[in-house]
Amino acid sequence: MWTHRAWPGRLLPTHERLRAYAGWCDAVEGNTTFYATPSRETVASWAEQTDPDFVFLPKLPKAVTHERRLTGGEAELRAFLDAMEPLGPRAHMLWVQLPGSFGPSDVPDLDRFLRALPATHRYAVEVRHPAFFTEDAAARALAATLRRADAEWIPFDTTAFFRTPPTSDAEREAWTRKPRLPLRTEALTDRPIVRYLGRDDPAATVAGWQPWLDVVTGWLREGRSPTVFVHTPDNTDAPDLARRFHDQVRARLPELTPLPEPTPVGPATLF
């Protein structure tokens, strides 16, 4: 997301929030598209507010992934693909987030679905069924399906979040909703994607992502282009934390391009 109730006036101005967010980070999840497909005009405005090297990873509508479970949602899929067209290359990958009930027996449906998608886009898949993380045969079958489609497997790392009991209202709510799955760090393509969930305590969030620094630095040295999304239960400090993660990777790999400098929030002062 590029807006949050805690950001305006503190991290972002109260207007043109996407343009301002693009001064903090150079990628964004397209979570809103999961709930409703926007108009082409709205998507065109997203492109107009961002530089050519800013990337979106819009999620396919839940009507396709959750309600129809990749079977029979052709009309909704066509409407989504048409709406995303104004993004052009800013649509870095299209995100197929699947429900926790989508398990190993459903992989043939995923295979058919990915084969039918247009080659004009790259795709990434997020699964939440425990068997894909605990059963070797299920993991191999899914990975083989994704490799055939040159699609990435998106891990959602919640291991740091679930390490100790929740201490805030936001953490207690997330405790009941977020998936609790084993850590996975293997990349299948040249565009690995990571979702990392920390804690509302920034120090705990930073401590929890330390293993990813080696992984992401290694991917960059291999010539891959990883995208890392940093979440916390309340997301109050998420943009700043994302920049801190980038800075820590850049400390290991100085040739990594720095993120843009955010536009100052609030009126200019003499002192």
# chains A, B, ... in the order shown; residues from 1 in each chain; ligands from 1

$ residues_around --residues "region 183-185 of chain A" --least-positions-apart "5" --cutoff "7 Å" --atoms "only C-alpha atoms" --output "PyMOL selection string"
chain A and resi 155+157+159

$ closest_atom_pairs --of "region 73-103 of chain A" --to "region 42-64 of chain A" --cutoff "6 Å" --atoms "only C-alpha atoms" --output "Markdown table"
| residue | atom | partner | partner_atom | distance |
| --- | --- | --- | --- | --- |
| A:Gly73 | CA | A:Val64 | CA | 5.1 |
| A:Pro86 | CA | A:Ala44 | CA | 5.1 |
| A:Leu87 | CA | A:Ala47 | CA | 5.5 |
| A:Arg90 | CA | A:Val55 | CA | 4.5 |
| A:Ala91 | CA | A:Phe56 | CA | 5.0 |
| A:His92 | CA | A:Val55 | CA | 5.5 |
| A:Met93 | CA | A:Leu57 | CA | 5.3 |
| A:Leu94 | CA | A:Pro58 | CA | 5.5 |
| A:Trp95 | CA | A:Lys59 | CA | 4.4 |
| A:Val96 | CA | A:Leu60 | CA | 5.7 |

$ write_last_selection --atoms "all heavy atoms" --output "tab-separated table (two decimals), in the first residue's frame"
chain	number	residue	atom	x	y	z
A	73	GLY	N	-12.82	-18.13	-13.98
A	73	GLY	CA	-12.85	-16.68	-13.74
A	73	GLY	C	-12.31	-15.88	-14.91
A	73	GLY	O	-11.70	-14.83	-14.71
A	86	PRO	N	-2.20	0.05	-18.54
A	86	PRO	CA	-1.49	1.34	-18.53
A	86	PRO	C	-0.20	1.35	-17.71
A	86	PRO	O	0.63	2.25	-17.88
A	86	PRO	CB	-2.53	2.28	-17.91
A	86	PRO	CG	-3.86	1.67	-18.22
A	86	PRO	CD	-3.61	0.20	-18.13
A	87	LEU	N	0.00	0.38	-16.83
A	87	LEU	CA	1.24	0.33	-16.06
A	87	LEU	C	2.43	-0.02	-16.94
A	87	LEU	O	3.57	0.35	-16.61
A	87	LEU	CB	1.13	-0.68	-14.91
A	87	LEU	CG	0.21	-0.33	-13.76
A	87	LEU	CD1	0.20	-1.45	-12.73
A	87	LEU	CD2	0.63	0.99	-13.10
A	90	ARG	N	5.96	-1.06	-15.61
A	90	ARG	CA	5.88	-0.84	-14.16
A	90	ARG	C	5.20	-2.03	-13.47
A	90	ARG	O	5.36	-2.19	-12.26
A	90	ARG	CB	5.11	0.44	-13.86
A	90	ARG	CG	5.83	1.74	-14.19
A	90	ARG	CD	4.93	2.92	-13.89
A	90	ARG	NE	5.55	4.21	-14.10
A	90	ARG	CZ	5.64	4.82	-15.28
A	90	ARG	NH1	5.15	4.22	-16.35
A	90	ARG	NH2	6.21	6.00	-15.38
A	91	ALA	N	4.41	-2.81	-14.20
A	91	ALA	CA	3.83	-4.03	-13.64
A	91	ALA	C	4.93	-5.09	-13.62
A	91	ALA	O	5.07	-5.90	-14.53
A	91	ALA	CB	2.64	-4.48	-14.46
A	92	HIS	N	5.72	-5.05	-12.58
A	92	HIS	CA	6.93	-5.88	-12.47
A	92	HIS	C	6.59	-7.37	-12.56
A	92	HIS	O	7.21	-8.12	-13.31
A	92	HIS	CB	7.61	-5.56	-11.15
A	92	HIS	CG	8.93	-6.23	-10.93
A	92	HIS	ND1	10.03	-5.99	-11.72
A	92	HIS	CD2	9.33	-7.12	-9.99
A	92	HIS	CE1	11.05	-6.70	-11.29
A	92	HIS	NE2	10.65	-7.40	-10.23
A	93	MET	N	5.61	-7.78	-11.76
A	93	MET	CA	5.07	-9.13	-11.81
A	93	MET	C	3.62	-9.06	-11.35
A	93	MET	O	3.28	-8.20	-10.53
A	93	MET	CB	5.87	-10.11	-10.93
A	93	MET	CG	7.33	-10.26	-11.33
A	93	MET	SD	8.22	-11.47	-10.30
A	93	MET	CE	8.02	-12.97	-11.24
A	94	LEU	N	2.79	-9.95	-11.84
A	94	LEU	CA	1.42	-10.05	-11.37
A	94	LEU	C	1.37	-11.14	-10.30
A	94	LEU	O	1.91	-12.23	-10.47
A	94	LEU	CB	0.47	-10.37	-12.53
A	94	LEU	CG	0.46	-9.34	-13.67
A	94	LEU	CD1	-0.64	-9.69	-14.68
A	94	LEU	CD2	0.28	-7.92	-13.14
A	95	TRP	N	0.69	-10.84	-9.22
A	95	TRP	CA	0.76	-11.62	-7.98
A	95	TRP	C	-0.47	-12.52	-7.86
A	95	TRP	O	-1.59	-12.02	-7.79
A	95	TRP	CB	0.82	-10.62	-6.83
A	95	TRP	CG	1.15	-11.13	-5.47
A	95	TRP	CD1	0.70	-12.25	-4.85
A	95	TRP	CD2	2.00	-10.46	-4.54
A	95	TRP	NE1	1.21	-12.32	-3.57
A	95	TRP	CE2	2.02	-11.24	-3.37
A	95	TRP	CE3	2.72	-9.27	-4.57
A	95	TRP	CZ2	2.74	-10.86	-2.23
A	95	TRP	CZ3	3.45	-8.90	-3.44
A	95	TRP	CH2	3.46	-9.70	-2.30
A	96	VAL	N	-0.23	-13.82	-7.80
A	96	VAL	CA	-1.30	-14.80	-7.65
A	96	VAL	C	-1.27	-15.29	-6.20
A	96	VAL	O	-0.51	-16.20	-5.86
A	96	VAL	CB	-1.14	-15.98	-8.63
A	96	VAL	CG1	-2.32	-16.94	-8.53
A	96	VAL	CG2	-0.96	-15.48	-10.06

$ residues_around --residues "Ser168 (chain A)" --least-positions-apart "3" --cutoff "10 Å" --atoms "only C-alpha atoms" --output "PDB file with N, CA and C atoms, in the first residue's frame"
ATOM      1  N   PRO A 165       5.136 -14.010  22.117  1.00  0.00           N
ATOM      2  CA  PRO A 165       3.718 -13.639  22.144  1.00  0.00           C
ATOM      3  C   PRO A 165       3.489 -12.176  21.799  1.00  0.00           C
ATOM      4  N   GLU A 171      -0.651  -6.441  17.084  1.00  0.00           N
ATOM      5  CA  GLU A 171       0.005  -7.745  17.048  1.00  0.00           C
ATOM      6  C   GLU A 171      -0.967  -8.858  17.405  1.00  0.00           C
ATOM      7  N   ARG A 172      -1.837  -8.622  18.373  1.00  0.00           N
ATOM      8  CA  ARG A 172      -2.811  -9.656  18.746  1.00  0.00           C
ATOM      9  C   ARG A 172      -3.772  -9.944  17.589  1.00  0.00           C
ATOM     10  N   GLU A 173      -4.171  -8.898  16.855  1.00  0.00           N
ATOM     11  CA  GLU A 173      -5.040  -9.134  15.705  1.00  0.00           C
ATOM     12  C   GLU A 173      -4.307  -9.914  14.620  1.00  0.00           C
ATOM     13  N   ALA A 174      -3.068  -9.511  14.332  1.00  0.00           N
ATOM     14  CA  ALA A 174      -2.294 -10.214  13.309  1.00  0.00           C
ATOM     15  C   ALA A 174      -2.011 -11.660  13.709  1.00  0.00           C
ATOM     16  N   ARG A 199       7.716  -7.019  13.947  1.00  0.00           N
ATOM     17  CA  ARG A 199       6.910  -6.679  15.119  1.00  0.00           C
ATOM     18  C   ARG A 199       6.686  -5.168  15.149  1.00  0.00           C
ATOM     19  N   ASP A 200       5.808  -4.710  16.045  1.00  0.00           N
ATOM     20  CA  ASP A 200       5.602  -3.273  16.170  1.00  0.00           C
ATOM     21  C   ASP A 200       6.812  -2.574  16.797  1.00  0.00           C
ATOM     22  N   ASP A 201       7.665  -3.313  17.479  1.00  0.00           N
ATOM     23  CA  ASP A 201       8.930  -2.790  17.994  1.00  0.00           C
ATOM     24  C   ASP A 201       9.946  -2.780  16.852  1.00  0.00           C
ATOM     25  N   PRO A 233       2.785  -5.316  12.167  1.00  0.00           N
ATOM     26  CA  PRO A 233       1.346  -5.418  12.421  1.00  0.00           C
ATOM     27  C   PRO A 233       0.596  -4.095  12.276  1.00  0.00           C
ATOM     28  N   ASP A 234       1.179  -2.979  12.752  1.00  0.00           N
ATOM     29  CA  ASP A 234       0.470  -1.706  12.602  1.00  0.00           C
ATOM     30  C   ASP A 234       0.960  -0.896  11.399  1.00  0.00           C
TER      31      ASP A 234
END

$ atom_distance --atom1 "CA of Gly223 (chain A)" --atom2 "CA of Leu18 (chain A)"
28.8 Å

$ select_by_dssp --residues "region 32-264 of chain A" --states "helix (DSSP H, G or I)" --output "NGL selection string"
:A and (32-35 or 40-48 or 62-67 or 74-90 or 104-116 or 131-134 or 136-148 or 161-163 or 169-177 or 202-208 or 210-221 or 238-252)

$ closest_residue --among "A:Trp2, A:Phe229, A:Trp175, A:Phe80" --to "His15 (chain A)" --atoms "only C-alpha atoms"
A:Trp2

$ select_by_dssp --residues "region 161-206 of chain A" --states "strand (DSSP E or B)" --output "VMD selection string"
chain A and resid 193 to 197

$ closest_residue --among "A:Pro38, A:Pro262, A:Pro13, A:Pro239" --to "Leu81 (chain A)" --atoms "only C-alpha atoms"
A:Pro38

$ closest_residue --among "A:Thr158, A:Thr37, A:Thr145, A:Thr257" --to "Arg128 (chain A)" --atoms "only C-alpha atoms"
A:Thr158

$ atom_distance --atom1 "CA of Ser225 (chain A)" --atom2 "CA of Arg191 (chain A)"
5.0 Å

$ closest_residue --among "A:Gly198, A:Pro260, A:Pro254, A:Gly88" --to "Asn235 (chain A)" --atoms "only C-alpha atoms"
A:Gly198

$ residues_around --residues "His129 (chain A)" --least-positions-apart "2" --cutoff "9 Å" --atoms "only C-alpha atoms" --output "JSON, numbers by chain"
{"A": [98, 99, 100, 101, 102, 103, 104, 127, 131, 132, 133, 179, 181]}

$ write_last_selection --atoms "C-alpha atoms" --output "compact mmCIF listing (two decimals), in the first residue's frame"
# COMPACT_ATOMS: atom_id res chain seq x y z
CA LEU A 98 -3.85 -18.36 -3.18
CA PRO A 99 -5.97 -19.32 -0.15
CA GLY A 100 -4.65 -21.52 2.61
CA SER A 101 -6.98 -24.31 1.47
CA PHE A 102 -5.31 -24.44 -1.97
CA GLY A 103 -3.16 -27.53 -1.47
CA PRO A 104 -1.05 -30.08 -3.34
CA VAL A 127 0.77 -20.28 -1.35
CA ALA A 131 2.07 -29.08 2.99
CA PHE A 132 4.03 -27.01 0.47
CA PHE A 133 6.47 -26.16 3.25
CA PRO A 179 0.00 -17.59 8.24
CA LEU A 181 4.68 -21.31 8.04

$ closest_residue --among "A:Ala160, A:Leu213, A:Ala116, A:Val265" --to "Arg244 (chain A)" --atoms "only C-alpha atoms"
A:Leu213

$ closest_residue --among "A:Pro258, A:Pro192, A:Pro166, A:Gly208" --to "Val230 (chain A)" --atoms "only C-alpha atoms"
A:Gly208

$ residues_around --residues "Leu11 (chain A)" --least-positions-apart "4" --cutoff "12 Å" --atoms "only C-alpha atoms" --output "PyMOL selection string"
chain A and resi 2-7+15+17+20-25+235-241+262-266

$ decode --residues "region 65-83 of chain A" --atoms "N, CA and C atoms" --output "PDB file, in the first residue's frame"
ATOM      1  N   THR A  65      -8.779 -15.952  -7.689  1.00  0.00           N
ATOM      2  CA  THR A  65      -7.899 -16.826  -6.917  1.00  0.00           C
ATOM      3  C   THR A  65      -8.587 -17.557  -5.777  1.00  0.00           C
ATOM      4  N   HIS A  66      -9.535 -16.890  -5.108  1.00  0.00           N
ATOM      5  CA  HIS A  66     -10.157 -17.464  -3.921  1.00  0.00           C
ATOM      6  C   HIS A  66     -11.570 -17.985  -4.171  1.00  0.00           C
ATOM      7  N   GLU A  67     -12.377 -17.195  -4.865  1.00  0.00           N
ATOM      8  CA  GLU A  67     -13.768 -17.608  -5.069  1.00  0.00           C
ATOM      9  C   GLU A  67     -13.879 -18.682  -6.153  1.00  0.00           C
ATOM     10  N   ARG A  68     -13.171 -18.489  -7.270  1.00  0.00           N
ATOM     11  CA  ARG A  68     -13.234 -19.465  -8.366  1.00  0.00           C
ATOM     12  C   ARG A  68     -12.041 -20.414  -8.375  1.00  0.00           C
ATOM     13  N   ARG A  69     -11.043 -20.126  -7.530  1.00  0.00           N
ATOM     14  CA  ARG A  69      -9.891 -21.014  -7.343  1.00  0.00           C
ATOM     15  C   ARG A  69      -9.235 -21.359  -8.676  1.00  0.00           C
ATOM     16  N   LEU A  70      -9.054 -20.329  -9.516  1.00  0.00           N
ATOM     17  CA  LEU A  70      -8.336 -20.395 -10.796  1.00  0.00           C
ATOM     18  C   LEU A  70      -9.096 -21.119 -11.893  1.00  0.00           C
ATOM     19  N   THR A  71     -10.364 -21.433 -11.666  1.00  0.00           N
ATOM     20  CA  THR A  71     -11.150 -22.155 -12.664  1.00  0.00           C
ATOM     21  C   THR A  71     -12.444 -21.389 -12.936  1.00  0.00           C
ATOM     22  N   GLY A  72     -12.608 -20.897 -14.156  1.00  0.00           N
ATOM     23  CA  GLY A  72     -13.862 -20.258 -14.526  1.00  0.00           C
ATOM     24  C   GLY A  72     -13.928 -18.770 -14.293  1.00  0.00           C
ATOM     25  N   GLY A  73     -12.825 -18.129 -13.980  1.00  0.00           N
ATOM     26  CA  GLY A  73     -12.848 -16.682 -13.735  1.00  0.00           C
ATOM     27  C   GLY A  73     -12.308 -15.883 -14.908  1.00  0.00           C
ATOM     28  N   GLU A  74     -12.570 -16.370 -16.125  1.00  0.00           N
ATOM     29  CA  GLU A  74     -11.978 -15.729 -17.298  1.00  0.00           C
ATOM     30  C   GLU A  74     -12.404 -14.275 -17.454  1.00  0.00           C
ATOM     31  N   ALA A  75     -13.669 -13.971 -17.231  1.00  0.00           N
ATOM     32  CA  ALA A  75     -14.145 -12.595 -17.417  1.00  0.00           C
ATOM     33  C   ALA A  75     -13.476 -11.651 -16.418  1.00  0.00           C
ATOM     34  N   GLU A  76     -13.395 -12.071 -15.164  1.00  0.00           N
ATOM     35  CA  GLU A  76     -12.756 -11.235 -14.147  1.00  0.00           C
ATOM     36  C   GLU A  76     -11.266 -11.062 -14.451  1.00  0.00           C
ATOM     37  N   LEU A  77     -10.620 -12.127 -14.940  1.00  0.00           N
ATOM     38  CA  LEU A  77      -9.200 -12.046 -15.269  1.00  0.00           C
ATOM     39  C   LEU A  77      -8.964 -11.097 -16.442  1.00  0.00           C
ATOM     40  N   ARG A  78      -9.806 -11.180 -17.471  1.00  0.00           N
ATOM     41  CA  ARG A  78      -9.653 -10.279 -18.619  1.00  0.00           C
ATOM     42  C   ARG A  78      -9.823  -8.829 -18.196  1.00  0.00           C
ATOM     43  N   ALA A  79     -10.798  -8.556 -17.339  1.00  0.00           N
ATOM     44  CA  ALA A  79     -11.018  -7.184 -16.871  1.00  0.00           C
ATOM     45  C   ALA A  79      -9.808  -6.681 -16.088  1.00  0.00           C
ATOM     46  N   PHE A  80      -9.226  -7.548 -15.274  1.00  0.00           N
ATOM     47  CA  PHE A  80      -8.045  -7.172 -14.498  1.00  0.00           C
ATOM     48  C   PHE A  80      -6.858  -6.888 -15.417  1.00  0.00           C
ATOM     49  N   LEU A  81      -6.593  -7.763 -16.365  1.00  0.00           N
ATOM     50  CA  LEU A  81      -5.455  -7.574 -17.261  1.00  0.00           C
ATOM     51  C   LEU A  81      -5.621  -6.305 -18.096  1.00  0.00           C
ATOM     52  N   ASP A  82      -6.838  -6.038 -18.524  1.00  0.00           N
ATOM     53  CA  ASP A  82      -7.090  -4.824 -19.286  1.00  0.00           C
ATOM     54  C   ASP A  82      -6.837  -3.585 -18.432  1.00  0.00           C
ATOM     55  N   ALA A  83      -7.272  -3.631 -17.178  1.00  0.00           N
ATOM     56  CA  ALA A  83      -7.089  -2.485 -16.293  1.00  0.00           C
ATOM     57  C   ALA A  83      -5.615  -2.229 -15.991  1.00  0.00           C
TER      58      ALA A  83
END
